[in-house]
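Trainee: Take this structure first; my questions come after.
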Amino acid sequence: MLYIMCSPNRATLYIGVTSNLYNRVSAHRNKIDPNCFTAKYNCSMLVYYTGYDRIEEAIAAEKKLKDRARKHKEKLINDFNPQWNDLWNDIQGC
């Protein structure tokens with residue numbers, strides 16, 4: 001899975017890859033590592049995610065997305081989640 005987290009004011013975006021979206025987002029939200037990027041910048045809202053058949057594909061997509069301008073990332077989020085709602089409840093039980 002490729003996913004994007006953001007801070008509540010939408011100022012900071014974090015792009016990541018995981019094989020277990022629920023556990024990874026839970027770790028971000030609970031600030032398991034207080035020194036990590038998402039904890040420092042309060043990126044606690046899941047605003048985008050998409051699956052891939054292979055983790056290598058997700059990693060390649062992550063690298064490509066990180067190189068893109070913020071406007072591209074915002075468009076991706078807006079197309080998937082126009083209100084920028086926290087999708088945490090949507091992934092419960094995944």
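Following the order of the structure tokens, chains are lettered A, B, ..., residues in each are numbered from 1, and ligands are numbered from 1.
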When you look at range 13-22 of chain A with a cut-off of 6 Å (counting only C-alpha atoms), what residues show up, excluding the ones that are within fewer than 6 positions of it in the same chain? I need them as a PyMOL selection string.

Mentor: chain A and resi 1-6

Trainee: Please, could you write that set of residues out with C-alpha atoms as a PDB file, in the first residue's frame?

Mentor:
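And here is the file that came out, part31.pdb:
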ATOM      1  CA  MET A   1       0.000   0.000   0.000  1.00  0.00           C
ATOM      2  CA  LEU A   2       1.040   3.554  -0.763  1.00  0.00           C
ATOM      3  CA  TYR A   3      -0.448   6.066   1.648  1.00  0.00           C
ATOM      4  CA  ILE A   4      -0.391   9.760   2.504  1.00  0.00           C
ATOM      5  CA  MET A   5      -0.752  11.190   5.998  1.00  0.00           C
ATOM      6  CA  CYS A   6      -1.131  14.887   6.759  1.00  0.00           C
TER       7      CYS A   6
END

Trainee: When you look at Leu87 in chain A with a cut-off of 8 Å (counting only C-alpha atoms), what residues show up, excluding the ones that are within fewer than 5 positions of it in the same chain? I need them as a short mmCIF file (atom, residue, chain, number, x, y, z; two decimals) with all heavy atoms, in the first residue's frame.

Mentor:
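Now in out-v4.cif:
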data_model
loop_
_atom_site.label_atom_id
_atom_site.label_comp_id
_atom_site.auth_asym_id
_atom_site.auth_seq_id
_atom_site.Cartn_x
_atom_site.Cartn_y
_atom_site.Cartn_z
N MET A 45 -3.34 12.22 10.25
CA MET A 45 -4.55 11.98 9.45
C MET A 45 -4.21 11.21 8.17
O MET A 45 -3.38 11.66 7.38
CB MET A 45 -5.21 13.31 9.08
CG MET A 45 -5.77 14.07 10.24
SD MET A 45 -6.42 15.70 9.76
CE MET A 45 -7.49 15.28 8.39
N LEU A 46 -4.85 10.08 7.98
CA LEU A 46 -4.72 9.33 6.74
C LEU A 46 -5.66 9.96 5.72
O LEU A 46 -6.87 9.99 5.94
CB LEU A 46 -5.09 7.86 6.96
CG LEU A 46 -5.09 6.97 5.72
CD1 LEU A 46 -3.68 6.83 5.16
CD2 LEU A 46 -5.69 5.62 6.06
N VAL A 47 -5.12 10.47 4.61
CA VAL A 47 -5.97 11.14 3.63
C VAL A 47 -5.98 10.46 2.26
O VAL A 47 -6.79 10.81 1.39
CB VAL A 47 -5.59 12.63 3.47
CG1 VAL A 47 -5.94 13.40 4.73
CG2 VAL A 47 -4.13 12.82 3.11
N TYR A 48 -5.09 9.48 2.07
CA TYR A 48 -5.03 8.80 0.77
C TYR A 48 -4.37 7.44 0.96
O TYR A 48 -3.45 7.29 1.76
CB TYR A 48 -4.21 9.62 -0.22
CG TYR A 48 -4.00 8.93 -1.55
CD1 TYR A 48 -4.95 9.04 -2.56
CD2 TYR A 48 -2.87 8.18 -1.80
CE1 TYR A 48 -4.77 8.39 -3.77
CE2 TYR A 48 -2.68 7.53 -3.01
CZ TYR A 48 -3.63 7.64 -3.99
OH TYR A 48 -3.46 7.01 -5.18
#

Trainee: Excluding same-chain residues fewer than 6 positions from Asn23 in chain A, what lies within 12 Å of it counting only C-alpha atoms, as a ChimeraX atom specification?

Mentor: /A:1,17,29-30,32,88,91-94

Trainee: If DSSP is run on the backbone, what residues of range 2-92 of chain A are strand (DSSP E or B)? A reply as a ChimeraX atom specification would be ideal.

Mentor: /A:2-6,13-17,45-50

Trainee: Okay, now the selection with C-alpha atoms, as a compact mmCIF listing (two decimals), in the first residue's frame?

Mentor:
# COMPACT_ATOMS: atom_id res chain seq x y z
CA LEU A 2 1.04 3.55 -0.76
CA TYR A 3 -0.45 6.07 1.65
CA ILE A 4 -0.39 9.76 2.50
CA MET A 5 -0.75 11.19 6.00
CA CYS A 6 -1.13 14.89 6.76
CA LEU A 13 2.33 15.68 4.00
CA TYR A 14 3.99 12.33 4.61
CA ILE A 15 4.15 9.63 1.94
CA GLY A 16 4.79 6.04 2.93
CA VAL A 17 4.57 2.41 1.88
CA MET A 45 -4.55 11.98 9.45
CA LEU A 46 -4.72 9.33 6.74
CA VAL A 47 -5.97 11.14 3.63
CA TYR A 48 -5.03 8.80 0.77
CA TYR A 49 -4.17 5.17 0.13
CA THR A 50 -3.98 2.79 -2.78

Trainee: Give me the residues within 10 Å of Ala11 in chain A as a PDB file with all heavy atoms, in the first residue's frame, counting only C-alpha atoms and dropping any in the same chain fewer than 3 places off.

Mentor:
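Output file out.pdb is given in full below:
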ATOM      1  N   CYS A   6      -1.336  13.443   6.690  1.00  0.00           N
ATOM      2  CA  CYS A   6      -1.131  14.887   6.759  1.00  0.00           C
ATOM      3  C   CYS A   6      -1.387  15.375   8.175  1.00  0.00           C
ATOM      4  O   CYS A   6      -2.005  14.691   8.986  1.00  0.00           O
ATOM      5  CB  CYS A   6      -1.990  15.637   5.749  1.00  0.00           C
ATOM      6  SG  CYS A   6      -3.722  15.810   6.183  1.00  0.00           S
ATOM      7  N   SER A   7      -0.897  16.567   8.428  1.00  0.00           N
ATOM      8  CA  SER A   7      -1.165  17.223   9.703  1.00  0.00           C
ATOM      9  C   SER A   7      -2.586  17.783   9.653  1.00  0.00           C
ATOM     10  O   SER A   7      -3.134  17.999   8.570  1.00  0.00           O
ATOM     11  CB  SER A   7      -0.148  18.332   9.949  1.00  0.00           C
ATOM     12  OG  SER A   7      -0.158  19.263   8.887  1.00  0.00           O
ATOM     13  N   PRO A   8      -3.213  18.032  10.810  1.00  0.00           N
ATOM     14  CA  PRO A   8      -4.595  18.528  10.814  1.00  0.00           C
ATOM     15  C   PRO A   8      -4.793  19.831  10.034  1.00  0.00           C
ATOM     16  O   PRO A   8      -5.865  20.049   9.467  1.00  0.00           O
ATOM     17  CB  PRO A   8      -4.899  18.714  12.300  1.00  0.00           C
ATOM     18  CG  PRO A   8      -4.026  17.713  12.977  1.00  0.00           C
ATOM     19  CD  PRO A   8      -2.753  17.700  12.157  1.00  0.00           C
ATOM     20  N   TYR A  41       5.895  16.331  13.062  1.00  0.00           N
ATOM     21  CA  TYR A  41       5.053  17.260  12.305  1.00  0.00           C
ATOM     22  C   TYR A  41       3.560  16.962  12.453  1.00  0.00           C
ATOM     23  O   TYR A  41       2.743  17.508  11.722  1.00  0.00           O
ATOM     24  CB  TYR A  41       5.476  17.274  10.840  1.00  0.00           C
ATOM     25  CG  TYR A  41       6.862  17.836  10.665  1.00  0.00           C
ATOM     26  CD1 TYR A  41       7.965  17.007  10.607  1.00  0.00           C
ATOM     27  CD2 TYR A  41       7.062  19.214  10.619  1.00  0.00           C
ATOM     28  CE1 TYR A  41       9.242  17.524  10.481  1.00  0.00           C
ATOM     29  CE2 TYR A  41       8.334  19.751  10.494  1.00  0.00           C
ATOM     30  CZ  TYR A  41       9.418  18.897  10.425  1.00  0.00           C
ATOM     31  OH  TYR A  41      10.684  19.423  10.312  1.00  0.00           O
ATOM     32  N   ASN A  42       3.217  16.096  13.396  1.00  0.00           N
ATOM     33  CA  ASN A  42       1.832  15.771  13.722  1.00  0.00           C
ATOM     34  C   ASN A  42       1.025  15.293  12.509  1.00  0.00           C
ATOM     35  O   ASN A  42      -0.127  15.678  12.317  1.00  0.00           O
ATOM     36  CB  ASN A  42       1.140  16.955  14.404  1.00  0.00           C
ATOM     37  CG  ASN A  42      -0.142  16.533  15.091  1.00  0.00           C
ATOM     38  OD1 ASN A  42      -0.276  15.399  15.528  1.00  0.00           O
ATOM     39  ND2 ASN A  42      -1.090  17.449  15.178  1.00  0.00           N
ATOM     40  N   CYS A  43       1.650  14.469  11.691  1.00  0.00           N
ATOM     41  CA  CYS A  43       0.946  13.891  10.534  1.00  0.00           C
ATOM     42  C   CYS A  43       0.165  12.679  11.026  1.00  0.00           C
ATOM     43  O   CYS A  43       0.645  11.542  11.003  1.00  0.00           O
ATOM     44  CB  CYS A  43       1.944  13.500   9.453  1.00  0.00           C
ATOM     45  SG  CYS A  43       2.789  14.888   8.717  1.00  0.00           S
TER      46      CYS A  43
END

Trainee: With a distance cut-off of 10 Å and only C-alpha atoms, select the neighbouring residues of Ala27 in chain A, excluding the residue or stretch itself and same-chain residues fewer than 6 positions from it, and output the selection as a PyMOL selection string.

Mentor: chain A and resi 21+33+38-39+44

Trainee: Dump all heavy atoms for the selected residues as a short mmCIF file (atom, residue, chain, number, x, y, z; two decimals), in the first residue's frame?

Mentor:
data_model
loop_
_atom_site.label_atom_id
_atom_site.label_comp_id
_atom_site.auth_asym_id
_atom_site.auth_seq_id
_atom_site.Cartn_x
_atom_site.Cartn_y
_atom_site.Cartn_z
N LEU A 21 -1.50 -1.56 6.30
CA LEU A 21 -1.92 -0.17 6.44
C LEU A 21 -2.45 0.14 7.83
O LEU A 21 -2.09 1.15 8.43
CB LEU A 21 -2.97 0.18 5.38
CG LEU A 21 -3.40 1.64 5.32
CD1 LEU A 21 -2.23 2.55 4.98
CD2 LEU A 21 -4.52 1.81 4.30
N ASP A 33 7.13 6.12 17.64
CA ASP A 33 8.49 6.67 17.63
C ASP A 33 8.37 8.18 17.67
O ASP A 33 8.11 8.83 16.66
CB ASP A 33 9.23 6.23 16.36
CG ASP A 33 10.63 6.80 16.27
OD1 ASP A 33 11.05 7.58 17.17
OD2 ASP A 33 11.33 6.48 15.29
N THR A 38 6.52 11.83 11.19
CA THR A 38 5.08 12.01 11.40
C THR A 38 4.77 12.50 12.81
O THR A 38 3.83 13.26 13.00
CB THR A 38 4.30 10.72 11.10
OG1 THR A 38 4.84 9.65 11.88
CG2 THR A 38 4.34 10.39 9.62
N ALA A 39 5.55 12.07 13.78
CA ALA A 39 5.34 12.55 15.16
C ALA A 39 5.78 14.01 15.29
O ALA A 39 5.06 14.82 15.88
CB ALA A 39 6.11 11.68 16.15
N SER A 44 -1.03 12.93 11.49
CA SER A 44 -1.83 11.88 12.12
C SER A 44 -3.09 11.53 11.34
O SER A 44 -3.83 10.63 11.74
CB SER A 44 -2.22 12.32 13.53
OG SER A 44 -2.95 13.54 13.47
#

Trainee: At what distance in Å, to one decimal, does CA of Arg54 in chain A lie from CA of Glu74 in chain A?

Mentor: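 Calculated distance between CA of Glu74 in chain A and CA of Arg54 in chain A is 24.6 Å.
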
Trainee: Work out how far apart CA of Lys40 in chain A and CA of Asn9 in chain A are and give it in Å to one decimal.

Mentor: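 The value is 14.1 Å.
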
Trainee: CA of Arg70 in chain A and CA of Arg10 in chain A are how many Å apart?

Mentor: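 Between CA of Arg70 in chain A and CA of Arg10 in chain A the gap is 11.5 Å.
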